[in-house]
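Student: Sharing a structure, written as structure tokens. Questions coming.
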Amino acid sequence: MAPDLWSLYALMLKARLFEEAATKLWYEGLISGEMHLGTGEEGIIAGVVSQLRDGDAMALDHRGTAALLMRGVDSVSLLHEFLGHPQGLCGGMGGHMHLFSKEHLAASSGIVGSAGPAAAGFALAAQYLHPQSIAVAFFGDGAMNQGMLMESMNLAAVWKLPVLFVCKDDGWGITTQSDVSTAGNLDDRARGLGLLAFSVDGVDAARVWEIAHSAIERIRSGEGPVFLHARCVHLEGHFLGLQTIRILRDPLKEMPKVAVGLTKSILKLHGAAVSERITGLKSIMSSVIAALRDPRRDHAHDPILHTRAALQSDETRLKAMEDRMEEDIHNILITVLGEVPS
Amino acid sequence: MKTMSFIQAVDDALAQAMAEDPHIIVFGEDIPLLRRDLLVRFGPRRVRGTPISESAFLGAGVAAAMAGLRPVVEMYMVDFLGVCMDALLNHAAKVEAFSGGKWTAPLVVRAPCGGGYGDGGQHEQSLWGMLAHIPGLTVIVPSTPADAGGLMLAALKQDGPVIILEHKLLSEMWLEFLGSGARKTVSFDIPAGGTKGSVPQKWEPLPLGEATLRRDGHDLTIISLGVSVHRALEAATLLEAEGISAGVLDLRTVSPLDKKTVCQEVIKTGRLLVVDEDYETFGLSGELAAVILEAGIAFKYARVCTQMTIPYSRHLEDEVLPNVKRICTAAQQLMK
């Protein structure tokens with residue numbers, strides 16, 4: 001089966017426009033606390049969520065906005081929630097990290113790895129209450145080191161639970177690079193727990209769709225859980241305002257803030273030998289250099305541009321769709337704020 | 001006297017101890033970034049990052065402490081202890097009792113806590129009551145830079161597990177990391193008296209389990225800790241204008257609890273108002289009442305605590321967390 005690229009593109013663009021609007025509102029101070037965007041992982045989310053149907057459940061992480069929008073949660077109530085408004089999806093109680101939609105069987109959590117047990121539980125309920133339904137867990141590669149996630153993969157395997165475990169692997173866990181925190185190979189790890197494992201480049205929503213399609217068919221037919229390992233690049237890093245991204249974008253302003261403390265500390269009496277101190281400094285510098293070489297700056301990693309390129313031959317239709325979606329987000333903002341933020 | 005911010009004070013006291021005691025190592029998620037100043041001074045063998053695997057690294061910290069190291073294990077937030085409570089509840093807290101007093105686990109768990117910046121109810125809890133409920137754990141909640149540094153040093157000299165909770169509103173580092181993301185468009189109700197203050201030239205450990213009277217008063221005693229101490233002090237100033245003289249006692253440590261000073265102060269005024277950012281039921285505020293009742297003291301009692309899951313909405317959050325208005329109202333009621 002082949003995916004409908006137009007509808008995948010529409011889903012991704014809807015989420016992107018929404019999150020870009022949320023970004024503006026966050027910078028304006030209208031959204032409080034942390035803000036974890038899904039920009040860059042839309043290809044994975046669209047490829048999976050577009051195949052869900054009534055009765056299917058989603059266990060989301062702290063980055064669940066795109067999945068909820070694509071699943072059909074009302075944009076206005078979601079934006080109200082971000083603003084802490086009583087008319088929000090959760091009455092202003094949850095915020096972007098703790099979004100719940102009972103109607104869509106979708107629950108989020110800011111606790112890394114907790115999507116695993118939640119999806120296992122949704123799937124267990126599905127076995128009794130809605131046979132043929134499945135549960136999807138979305139989480140990052142950092143979560144793969146949480147016991148509860150590995151335990152739920154094992155549980156899902158021994159109970160043949162209908163779960164699709166989707167690892168959105170961006171190579172980072174908050175500000176730590178995965179190669180210093182994750183040993184072995186994630187696909188092997190999942191296979192070792194009795195799951196089928198597939199790898200895919202998440203920039204290609206159509207490819208994600210194809211692999212997810214066969215995985216989901218298998219899961220619906222009762223053959224047990226599947227691990228879908230999809231690579232992606234989070235265009236804004238772990239969350240908005242992250243220091244390493246600020247350094248990347250404005251090194252002259254941000255580096256001195258970091259350097260003063262480092263210089264003072266490295267010269268302090270009493271501490272490690274010089275070679276140890278230099279090793280410490282090098283590890284900090286290497287994370288800055290990794291940030292400078294960061295693929296987040298390369299448009300080739302943007303799943304929306306990737307799919308758009310395949311649709312460009314029909315410019316008229318593309319333009320009509322994009323204009324309509326831009327108008328949609330414009331209307332959402334007018335409804336919620338009474339004006340469009342400049 | 002030197003002046004330091006809250007987090008500088010904790011890190012400075014920790015650095016002083018690390019320079020003296022090579023057994024102290026520091027680890028937790030993102031620590032190479034968050035504690036980079038310690039990393040470049042003490043090197044990557046003593047300051048290290050972990051995977052997002054709280055059960056593994058906190059549990060390992062307990063046993064490493066039993067085997068002779070003195071780990072400082074950092075949690076991103078106290079809320080995340082939910083992932084790995086077993087290490088504290090069933091292990092760190094039990095070693096001394098189970099070994100007949102022959103073995104201990106001297107680790108320090110350092111965790112940001114508290115709300116007031118709009119991160120929602122899974123990232124803004126206090127939880128010191130839940131932790132202090134467990135015999136065998138020492139629980140520290142400092143409210144000023146000087147206390148934070150002195151109590152950190154005391155924690156590092158304690159022969160058993162200690163949890164030190166640093167309120168995010170007192171720490172510019174955490175507030176920038178989690179609250180503002182360097183935005184100038186958001187503001188928080190930050191108590192100036194807690195974020196910056198004078199500190200000693202050289203850190204000395206402060207006694208654990210010793211409360212301090214921040215303000216004397218003869219009509220009622222407000223007992224508090226952490227950021228709420230500063231809310232209570234602000235309320236006490238307002239109450240004074242109404243002719244109500246309120247004292248403010250800062251507990252500084254929840255466990256051990258300074259029962260003696262608590263009772264002394266309540267005997268003085270006959271009225272207790274507990275201001276506790278932690279949950280109201282089955283916690284510190286009730287414990288304080290029990291301690292004073294057990295001592296046979298007659299007193300009037302009220303409390304201002306967090307009664308529900310902390311809302312994400314900033315407006316609702318400000319109502320739910322103890323605030324000056326609620327403290328004043330409760331004090332006025334007590335005086336009737």
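In the structure tokens, the first chain shown is A, the next is B, and so on; residue numbers restart at 1 for each chain, and ligands run from 1 in the order shown.
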With a cut-off of 6 Å, could you pull out the residues of chain B touching chain A and give me the nearest pair of atoms for each, distance in Å to one decimal, using only C-alpha atoms, ordered by chain and ascending number, as a Markdown table?

Tutor:
```
| residue | atom | partner | partner_atom | distance |
| --- | --- | --- | --- | --- |
| B:Ala19 | CA | A:His270 | CA | 5.2 |
| B:Asp30 | CA | A:Thr176 | CA | 5.8 |
| B:Asp37 | CA | A:Leu262 | CA | 5.1 |
| B:Leu39 | CA | A:Gly280 | CA | 5.5 |
| B:Val40 | CA | A:Arg277 | CA | 4.8 |
| B:Arg41 | CA | A:Ile266 | CA | 4.7 |
| B:Phe42 | CA | A:Ala272 | CA | 4.5 |
| B:Gly43 | CA | A:Arg277 | CA | 4.7 |
| B:Pro44 | CA | A:Gly280 | CA | 5.2 |
| B:Pro51 | CA | A:Ser181 | CA | 4.7 |
| B:Ile52 | CA | A:Asn145 | CA | 6.0 |
| B:Ser53 | CA | A:Gln146 | CA | 4.9 |
| B:Tyr117 | CA | A:Gly33 | CA | 5.9 |
| B:Gly118 | CA | A:Gly33 | CA | 4.8 |
| B:Asp119 | CA | A:Gly33 | CA | 4.5 |
| B:Leu178 | CA | A:Glu34 | CA | 5.5 |
| B:Gly179 | CA | A:Gly33 | CA | 4.5 |
| B:Gly181 | CA | A:Gly241 | CA | 4.2 |
| B:Thr185 | CA | A:Gly29 | CA | 4.7 |
| B:Val186 | CA | A:Gly29 | CA | 5.0 |
| B:Pro311 | CA | A:Met93 | CA | 4.5 |
| B:Tyr312 | CA | A:Met93 | CA | 4.8 |
| B:Ser313 | CA | A:Gly84 | CA | 4.1 |
```

Student: Give me the residues near Pro131 of chain A as a CSV table (one decimal) with N, CA, C and O atoms, in the first residue's frame, where near means some atom within 12 Å (using only C-alpha atoms) and where sequence neighbours in that chain fewer than 4 positions away do not count.

Tutor:
```csv
chain,number,residue,atom,x,y,z
A,54,ASP,N,-10.7,4.8,15.3
A,54,ASP,CA,-11.4,4.8,16.6
A,54,ASP,C,-11.1,3.6,17.4
A,54,ASP,O,-11.1,2.5,16.9
A,55,GLY,N,-10.9,3.8,18.7
A,55,GLY,CA,-10.5,2.7,19.6
A,55,GLY,C,-9.0,2.5,19.8
A,55,GLY,O,-8.6,1.9,20.8
A,56,ASP,N,-8.2,3.1,18.9
A,56,ASP,CA,-6.8,3.1,19.1
A,56,ASP,C,-6.4,4.1,20.1
A,56,ASP,O,-7.0,5.2,20.2
A,122,PHE,N,-3.0,0.5,27.8
A,122,PHE,CA,-4.1,0.8,26.8
A,122,PHE,C,-4.3,-0.4,26.0
A,122,PHE,O,-5.4,-0.8,25.6
A,123,ALA,N,-3.2,-1.1,25.6
A,123,ALA,CA,-3.2,-2.3,24.7
A,123,ALA,C,-3.9,-3.4,25.5
A,123,ALA,O,-4.7,-4.2,24.9
A,124,LEU,N,-3.6,-3.5,26.8
A,124,LEU,CA,-4.2,-4.6,27.6
A,124,LEU,C,-5.8,-4.4,27.6
A,124,LEU,O,-6.5,-5.3,27.4
A,125,ALA,N,-6.2,-3.2,27.8
A,125,ALA,CA,-7.6,-2.9,27.8
A,125,ALA,C,-8.2,-3.1,26.4
A,125,ALA,O,-9.3,-3.7,26.3
A,126,ALA,N,-7.4,-2.8,25.4
A,126,ALA,CA,-7.9,-3.1,24.0
A,126,ALA,C,-8.2,-4.6,23.8
A,126,ALA,O,-9.2,-5.0,23.2
A,127,GLN,N,-7.3,-5.4,24.3
A,127,GLN,CA,-7.5,-6.9,24.2
A,127,GLN,C,-8.8,-7.3,24.7
A,127,GLN,O,-9.5,-8.2,24.1
A,135,ALA,N,-2.4,0.2,20.6
A,135,ALA,CA,-1.9,1.4,21.3
A,135,ALA,C,-0.5,1.7,20.8
A,135,ALA,O,0.3,0.8,20.4
A,161,LEU,N,0.8,-8.1,23.6
A,161,LEU,CA,-0.1,-6.9,23.6
A,161,LEU,C,0.1,-6.1,22.3
A,161,LEU,O,1.1,-6.0,21.7
A,162,PRO,N,-1.1,-5.6,21.8
A,162,PRO,CA,-1.0,-4.8,20.6
A,162,PRO,C,-0.4,-3.4,20.7
A,162,PRO,O,-1.2,-2.4,20.8
A,219,ILE,N,0.3,-6.0,14.2
A,219,ILE,CA,-0.2,-5.9,15.6
A,219,ILE,C,-1.7,-6.1,15.7
A,219,ILE,O,-2.1,-6.8,16.6
A,220,ARG,N,-2.4,-5.5,14.8
A,220,ARG,CA,-3.9,-5.7,14.8
A,220,ARG,C,-4.3,-7.2,14.7
A,220,ARG,O,-5.3,-7.6,15.3
A,221,SER,N,-3.5,-7.9,14.0
A,221,SER,CA,-3.9,-9.3,13.8
A,221,SER,C,-3.4,-10.2,15.0
A,221,SER,O,-3.6,-11.4,15.0
A,222,GLY,N,-2.9,-9.5,16.1
A,222,GLY,CA,-2.6,-10.2,17.3
A,222,GLY,C,-1.3,-10.9,17.4
A,222,GLY,O,-1.0,-11.8,18.3
```

Student: So that I can check the surroundings of Gly202 of chain A, please list as a list of chain:residue names every protein, DNA and RNA residue that reaches within 8 Å of it, counting only C-alpha atoms and ignoring chain neighbours fewer than 3 positions away.

Tutor: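 Using only C-alpha atoms, the neighbours found are A:Glu41, A:Gly43, A:Ile44, A:Lys168, A:Ala205, A:Arg207, A:Val208, A:Ala230, A:Arg231, A:Cys232, A:Pro303.
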
Student: Excluding segment 140-151 of chain B and any residue of its chain fewer than 3 positions from it, enumerate the residues within 9 Å of it, using only C-alpha atoms, and give them as an MDAnalysis selection string.

Tutor: chainID B and resid 3:14 128 154:156 162:167 170 193:200 203:209 225:230 250:256

Student: Kindly export the residues of the current selection with N, CA and C atoms, as a compact mmCIF listing (two decimals), in the first residue's frame.

Tutor:
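Below you can see selection-v2.txt, which holds the result:
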```
# COMPACT_ATOMS: atom_id res chain seq x y z
N THR B 3 29.02 37.88 49.20
CA THR B 3 27.63 37.71 48.78
C THR B 3 27.57 36.66 47.68
N MET B 4 26.57 35.80 47.76
CA MET B 4 26.42 34.77 46.73
C MET B 4 24.96 34.54 46.43
N SER B 5 24.71 34.01 45.23
CA SER B 5 23.35 33.57 44.92
C SER B 5 23.15 32.20 45.57
N PHE B 6 21.90 31.80 45.66
CA PHE B 6 21.54 30.54 46.31
C PHE B 6 22.32 29.36 45.71
N ILE B 7 22.28 29.27 44.39
CA ILE B 7 22.90 28.11 43.76
C ILE B 7 24.42 28.19 43.80
N GLN B 8 24.96 29.42 43.71
CA GLN B 8 26.41 29.57 43.87
C GLN B 8 26.84 29.06 45.24
N ALA B 9 26.05 29.38 46.24
CA ALA B 9 26.40 28.97 47.60
C ALA B 9 26.44 27.45 47.72
N VAL B 10 25.43 26.77 47.16
CA VAL B 10 25.42 25.31 47.25
C VAL B 10 26.63 24.74 46.51
N ASP B 11 26.87 25.24 45.30
CA ASP B 11 27.98 24.73 44.50
C ASP B 11 29.32 25.04 45.15
N ASP B 12 29.41 26.22 45.78
CA ASP B 12 30.67 26.62 46.40
C ASP B 12 30.98 25.74 47.62
N ALA B 13 29.96 25.48 48.42
CA ALA B 13 30.16 24.61 49.58
C ALA B 13 30.51 23.19 49.12
N LEU B 14 29.85 22.76 48.05
CA LEU B 14 30.14 21.44 47.49
C LEU B 14 31.58 21.39 46.98
N TRP B 128 8.64 17.07 50.32
CA TRP B 128 9.51 16.81 51.47
C TRP B 128 8.79 16.05 52.58
N ALA B 154 26.94 20.27 55.73
CA ALA B 154 26.51 19.35 56.79
C ALA B 154 26.05 18.03 56.18
N ALA B 155 25.33 18.11 55.06
CA ALA B 155 24.85 16.90 54.39
C ALA B 155 26.02 16.01 53.99
N LEU B 156 27.10 16.67 53.52
CA LEU B 156 28.26 15.92 53.05
C LEU B 156 29.06 15.31 54.19
N VAL B 162 21.03 11.80 52.81
CA VAL B 162 20.46 13.13 53.00
C VAL B 162 19.88 13.60 51.67
N ILE B 163 18.71 14.21 51.72
CA ILE B 163 18.12 14.81 50.52
C ILE B 163 18.10 16.31 50.73
N ILE B 164 18.70 17.03 49.81
CA ILE B 164 18.67 18.49 49.91
C ILE B 164 17.84 19.03 48.75
N LEU B 165 16.78 19.74 49.09
CA LEU B 165 15.84 20.24 48.09
C LEU B 165 16.04 21.73 47.88
N GLU B 166 16.29 22.10 46.64
CA GLU B 166 16.57 23.49 46.31
C GLU B 166 15.38 24.07 45.55
N HIS B 167 14.73 25.04 46.14
CA HIS B 167 13.53 25.59 45.50
C HIS B 167 13.92 26.35 44.23
N LEU B 170 14.32 30.07 44.01
CA LEU B 170 15.50 30.66 44.65
C LEU B 170 16.74 30.52 43.78
N GLY B 193 15.13 38.02 49.37
CA GLY B 193 15.90 37.59 50.53
C GLY B 193 16.43 36.17 50.42
N GLY B 194 15.89 35.40 49.50
CA GLY B 194 16.33 34.01 49.39
C GLY B 194 17.27 33.75 48.24
N THR B 195 17.30 34.66 47.27
CA THR B 195 18.07 34.36 46.07
C THR B 195 19.51 34.83 46.16
N LYS B 196 19.75 35.87 46.94
CA LYS B 196 21.10 36.39 47.08
C LYS B 196 21.30 36.78 48.54
N GLY B 197 22.50 36.57 49.05
CA GLY B 197 22.70 36.94 50.44
C GLY B 197 24.14 36.74 50.88
N SER B 198 24.43 37.23 52.06
CA SER B 198 25.80 37.11 52.55
C SER B 198 26.09 35.68 52.97
N VAL B 199 27.34 35.28 52.74
CA VAL B 199 27.77 33.93 53.07
C VAL B 199 29.13 34.02 53.75
N PRO B 200 29.49 33.02 54.54
CA PRO B 200 30.79 33.08 55.23
C PRO B 200 31.98 32.99 54.27
N TRP B 203 33.11 27.96 54.31
CA TRP B 203 31.90 27.28 54.75
C TRP B 203 32.16 26.42 55.98
N GLU B 204 31.25 26.52 56.92
CA GLU B 204 31.23 25.61 58.08
C GLU B 204 29.89 24.89 58.02
N PRO B 205 29.88 23.60 58.43
CA PRO B 205 28.58 22.91 58.40
C PRO B 205 27.62 23.50 59.43
N LEU B 206 26.38 23.65 59.04
CA LEU B 206 25.34 24.09 59.99
C LEU B 206 24.74 22.84 60.64
N PRO B 207 24.30 22.95 61.88
CA PRO B 207 23.71 21.77 62.51
C PRO B 207 22.41 21.36 61.80
N LEU B 208 22.24 20.05 61.61
CA LEU B 208 21.01 19.54 61.00
C LEU B 208 19.95 19.42 62.09
N GLY B 209 18.72 19.77 61.76
CA GLY B 209 17.65 19.65 62.76
C GLY B 209 17.59 20.84 63.69
N LEU B 225 9.11 26.86 55.68
CA LEU B 225 10.39 26.42 55.13
C LEU B 225 10.44 26.76 53.63
N GLY B 226 11.66 26.83 53.11
CA GLY B 226 11.84 27.11 51.68
C GLY B 226 11.31 28.49 51.29
N VAL B 227 10.74 28.58 50.11
CA VAL B 227 10.23 29.86 49.61
C VAL B 227 9.13 30.42 50.51
N SER B 228 8.36 29.52 51.11
CA SER B 228 7.24 29.99 51.95
C SER B 228 7.70 30.81 53.15
N VAL B 229 8.94 30.62 53.58
CA VAL B 229 9.48 31.45 54.66
C VAL B 229 9.41 32.92 54.25
N HIS B 230 9.77 33.17 52.99
CA HIS B 230 9.79 34.55 52.51
C HIS B 230 8.38 35.10 52.32
N ASP B 250 11.85 29.35 60.67
CA ASP B 250 12.26 28.63 59.45
C ASP B 250 12.83 27.27 59.89
N LEU B 251 12.16 26.21 59.49
CA LEU B 251 12.58 24.88 59.97
C LEU B 251 13.95 24.45 59.43
N ARG B 252 14.24 24.79 58.20
CA ARG B 252 15.49 24.46 57.52
C ARG B 252 15.68 22.96 57.26
N THR B 253 15.42 22.13 58.26
CA THR B 253 15.38 20.69 58.00
C THR B 253 14.02 20.16 58.42
N VAL B 254 13.46 19.29 57.59
CA VAL B 254 12.16 18.68 57.92
C VAL B 254 12.41 17.48 58.82
N SER B 255 13.42 16.71 58.43
CA SER B 255 13.80 15.56 59.26
C SER B 255 15.32 15.56 59.39
N PRO B 256 15.87 15.59 60.60
CA PRO B 256 15.16 15.66 61.88
C PRO B 256 14.46 17.01 62.07
```

Student: Quick one: of A:Leu79, A:Val163, A:Met321, A:Leu248, who's nearest to Leu25 of chain A, counting only C-alpha atoms?

Tutor: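 Smallest separation from Leu25 of chain A among the options: A:Leu79.
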
Student: Just list the residues in segment 42-124 of chain B DSSP gives alpha helix (DSSP H) on the backbone, as a list in words.

Tutor: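 So, restricting segment 42-124 of chain B to alpha helix (DSSP H), we get Phe42, Glu54, Ser55, Ala56, Phe57, Leu58, Gly59, Ala60, Gly61, Val62, Ala63, Ala64, Ala65, Met66, Met85, Asp86, Val95, Glu96, Ala97 and Phe98 of chain B.
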
Student: As a list in words, which residues of segment 211-280 of chain A does DSSP assign to strand (DSSP E or B)?

Tutor: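 Written out, the strand (DSSP E or B) residues of segment 211-280 of chain A are Val226, Phe227, Leu228, His229, Ala230 and Arg231 of chain A.
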
Student: Write the residues you've just listed into a file as a CSV table (one decimal), in the first residue's frame, and include all heavy atoms for each of them.

Tutor:
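again_27.csv, freshly written:
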```csv
chain,number,residue,atom,x,y,z
A,226,VAL,N,5.6,-4.3,18.2
A,226,VAL,CA,6.6,-4.0,17.2
A,226,VAL,C,7.3,-2.8,17.7
A,226,VAL,O,6.7,-1.9,18.2
A,226,VAL,CB,6.1,-3.8,15.8
A,226,VAL,CG1,7.2,-3.4,14.8
A,226,VAL,CG2,5.4,-5.1,15.3
A,227,PHE,N,8.6,-2.7,17.5
A,227,PHE,CA,9.5,-1.6,17.8
A,227,PHE,C,9.8,-0.9,16.5
A,227,PHE,O,10.4,-1.5,15.6
A,227,PHE,CB,10.8,-2.0,18.5
A,227,PHE,CG,11.7,-0.9,18.8
A,227,PHE,CD1,11.4,0.0,19.8
A,227,PHE,CD2,13.0,-0.8,18.2
A,227,PHE,CE1,12.3,1.0,20.2
A,227,PHE,CE2,13.9,0.2,18.6
A,227,PHE,CZ,13.5,1.1,19.5
A,228,LEU,N,9.4,0.4,16.4
A,228,LEU,CA,9.7,1.2,15.2
A,228,LEU,C,10.7,2.3,15.6
A,228,LEU,O,10.4,3.1,16.4
A,228,LEU,CB,8.4,1.8,14.7
A,228,LEU,CG,8.6,2.7,13.4
A,228,LEU,CD1,9.1,2.0,12.2
A,228,LEU,CD2,7.2,3.4,13.1
A,229,HIS,N,11.9,2.1,15.0
A,229,HIS,CA,13.0,3.0,15.4
A,229,HIS,C,13.2,4.0,14.3
A,229,HIS,O,13.6,3.7,13.2
A,229,HIS,CB,14.3,2.2,15.6
A,229,HIS,CG,15.5,3.0,16.0
A,229,HIS,ND1,16.7,2.4,16.0
A,229,HIS,CD2,15.6,4.2,16.4
A,229,HIS,CE1,17.6,3.4,16.4
A,229,HIS,NE2,16.9,4.5,16.7
A,230,ALA,N,12.8,5.3,14.5
A,230,ALA,CA,12.8,6.3,13.5
A,230,ALA,C,13.7,7.4,13.9
A,230,ALA,O,13.6,8.0,14.9
A,230,ALA,CB,11.4,6.8,13.3
A,231,ARG,N,14.7,7.7,13.0
A,231,ARG,CA,15.6,8.8,13.3
A,231,ARG,C,15.0,10.1,12.9
A,231,ARG,O,14.2,10.2,12.0
A,231,ARG,CB,16.9,8.6,12.6
A,231,ARG,CG,17.8,7.5,13.1
A,231,ARG,CD,19.0,7.2,12.3
A,231,ARG,NE,18.6,6.9,10.9
A,231,ARG,CZ,18.1,5.7,10.5
A,231,ARG,NH1,17.9,4.7,11.3
A,231,ARG,NH2,17.8,5.5,9.2
```

Student: Which one of B:Val47, B:Ala331, B:Ile310, B:Leu321 sits closest to Leu33 of chain B if you count only C-alpha atoms?

Tutor: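 Residue with the minimum atom-to-atom distance to Leu33 of chain B: B:Val47.
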
Student: Could you jot down the atom CA of Ser199 of chain A to atom CA of Ala10 of chain A separation for me, Å, one decimal place?

Tutor: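 So the answer is 24.2 Å.
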
Student: Using only C-alpha atoms, which residues sit within 12 Å of Trp6 of chain A once same-chain residues fewer than 4 positions away are excluded, as a list in words?

Tutor: Ala2, Ala10, Leu11, Met12, Leu13, Ala46, Ser50, Ala205, Ala206, Ile304, Thr307, Arg308, Ala309, Ala310, Leu311, Gln312, Asp314, Arg317, Leu318, Lys319, Ala320, Met321 and Glu322 of chain A

Student: Would you export the selected residues with N, CA, C and O atoms as a JSON list (two decimals), in the first residue's frame, please?

Tutor:
```
[["chain", "number", "residue", "atom", "x", "y", "z"],
["A", 2, "ALA", "N", 0.39, 2.27, -0.67],
["A", 2, "ALA", "CA", 1.15, 3.51, -0.72],
["A", 2, "ALA", "C", 0.39, 4.61, 0.01],
["A", 2, "ALA", "O", -0.84, 4.66, -0.03],
["A", 10, "ALA", "N", -0.41, 17.52, 4.63],
["A", 10, "ALA", "CA", -1.38, 18.38, 5.32],
["A", 10, "ALA", "C", -1.29, 18.20, 6.84],
["A", 10, "ALA", "O", -1.32, 19.18, 7.60],
["A", 11, "LEU", "N", -1.15, 16.95, 7.28],
["A", 11, "LEU", "CA", -1.04, 16.70, 8.72],
["A", 11, "LEU", "C", 0.21, 17.38, 9.30],
["A", 11, "LEU", "O", 0.17, 18.02, 10.36],
["A", 12, "MET", "N", 1.32, 17.20, 8.59],
["A", 12, "MET", "CA", 2.58, 17.76, 9.09],
["A", 12, "MET", "C", 2.54, 19.28, 9.12],
["A", 12, "MET", "O", 3.00, 19.91, 10.07],
["A", 13, "LEU", "N", 1.99, 19.84, 8.07],
["A", 13, "LEU", "CA", 1.95, 21.31, 7.99],
["A", 13, "LEU", "C", 1.04, 21.90, 9.06],
["A", 13, "LEU", "O", 1.34, 22.92, 9.66],
["A", 46, "ALA", "N", 3.21, 11.77, 11.66],
["A", 46, "ALA", "CA", 2.20, 11.68, 10.59],
["A", 46, "ALA", "C", 2.14, 10.27, 10.02],
["A", 46, "ALA", "O", 1.05, 9.71, 9.80],
["A", 50, "SER", "N", -1.60, 8.80, 11.13],
["A", 50, "SER", "CA", -2.57, 8.79, 10.02],
["A", 50, "SER", "C", -3.21, 7.42, 9.86],
["A", 50, "SER", "O", -4.20, 7.29, 9.14],
["A", 205, "ALA", "N", 8.29, 10.82, 5.58],
["A", 205, "ALA", "CA", 7.00, 10.45, 6.16],
["A", 205, "ALA", "C", 6.36, 9.27, 5.40],
["A", 205, "ALA", "O", 5.73, 8.40, 6.01],
["A", 206, "ALA", "N", 6.55, 9.25, 4.10],
["A", 206, "ALA", "CA", 5.95, 8.17, 3.30],
["A", 206, "ALA", "C", 6.56, 6.82, 3.67],
["A", 206, "ALA", "O", 5.85, 5.82, 3.79],
["A", 304, "ILE", "N", 9.03, 18.13, 6.58],
["A", 304, "ILE", "CA", 8.00, 18.84, 5.82],
["A", 304, "ILE", "C", 8.54, 19.25, 4.46],
["A", 304, "ILE", "O", 7.89, 19.06, 3.43],
["A", 307, "THR", "N", 8.78, 16.08, 2.16],
["A", 307, "THR", "CA", 7.53, 15.66, 1.50],
["A", 307, "THR", "C", 7.06, 16.71, 0.50],
["A", 307, "THR", "O", 6.56, 16.38, -0.58],
["A", 308, "ARG", "N", 7.25, 17.96, 0.87],
["A", 308, "ARG", "CA", 6.83, 19.05, -0.03],
["A", 308, "ARG", "C", 7.52, 18.93, -1.38],
["A", 308, "ARG", "O", 6.90, 19.14, -2.44],
["A", 309, "ALA", "N", 8.80, 18.55, -1.37],
["A", 309, "ALA", "CA", 9.57, 18.44, -2.61],
["A", 309, "ALA", "C", 8.90, 17.46, -3.57],
["A", 309, "ALA", "O", 8.89, 17.65, -4.79],
["A", 310, "ALA", "N", 8.29, 16.42, -3.00],
["A", 310, "ALA", "CA", 7.65, 15.41, -3.85],
["A", 310, "ALA", "C", 6.32, 15.90, -4.41],
["A", 310, "ALA", "O", 5.75, 15.29, -5.32],
["A", 311, "LEU", "N", 5.79, 16.97, -3.84],
["A", 311, "LEU", "CA", 4.48, 17.46, -4.28],
["A", 311, "LEU", "C", 4.58, 18.68, -5.19],
["A", 311, "LEU", "O", 3.58, 19.16, -5.71],
["A", 312, "GLN", "N", 5.82, 19.16, -5.35],
["A", 312, "GLN", "CA", 6.00, 20.43, -6.05],
["A", 312, "GLN", "C", 5.55, 20.43, -7.51],
["A", 312, "GLN", "O", 5.28, 21.48, -8.07],
["A", 314, "ASP", "N", 2.81, 19.62, -8.65],
["A", 314, "ASP", "CA", 1.46, 20.20, -8.74],
["A", 314, "ASP", "C", 1.40, 21.49, -7.90],
["A", 314, "ASP", "O", 0.80, 21.53, -6.83],
["A", 317, "ARG", "N", -2.11, 23.02, -6.75],
["A", 317, "ARG", "CA", -2.76, 22.33, -5.64],
["A", 317, "ARG", "C", -2.01, 22.60, -4.32],
["A", 317, "ARG", "O", -2.62, 22.82, -3.27],
["A", 318, "LEU", "N", -0.67, 22.58, -4.43],
["A", 318, "LEU", "CA", 0.16, 22.81, -3.25],
["A", 318, "LEU", "C", -0.11, 24.19, -2.67],
["A", 318, "LEU", "O", -0.29, 24.36, -1.46],
["A", 319, "LYS", "N", -0.13, 25.17, -3.54],
["A", 319, "LYS", "CA", -0.34, 26.55, -3.09],
["A", 319, "LYS", "C", -1.72, 26.69, -2.45],
["A", 319, "LYS", "O", -1.87, 27.31, -1.39],
["A", 320, "ALA", "N", -2.71, 26.07, -3.09],
["A", 320, "ALA", "CA", -4.08, 26.17, -2.55],
["A", 320, "ALA", "C", -4.13, 25.56, -1.15],
["A", 320, "ALA", "O", -4.73, 26.12, -0.23],
["A", 321, "MET", "N", -3.47, 24.41, -0.99],
["A", 321, "MET", "CA", -3.49, 23.74, 0.31],
["A", 321, "MET", "C", -2.77, 24.59, 1.36],
["A", 321, "MET", "O", -3.27, 24.79, 2.47],
["A", 322, "GLU", "N", -1.60, 25.09, 1.01],
["A", 322, "GLU", "CA", -0.82, 25.87, 1.98],
["A", 322, "GLU", "C", -1.54, 27.16, 2.36],
["A", 322, "GLU", "O", -1.56, 27.54, 3.54]]
```

Student: Between B:Leu272, B:Leu249, B:Ala56, B:Ala289, which has the minimum distance to Arg215 of chain B (counting only C-alpha atoms)?

Tutor: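 Closest candidate: B:Leu249.
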
Student: For Asp21 of chain B, list every protein, DNA or RNA residue within 10 Å, evaluated using only C-alpha atoms, and leave out those in the same chain fewer than 3 positions away; present the list as an NGL selection string.

Tutor: (:A and (271)) or (:B and (15-18 or 24-25 or 69-70 or 156))
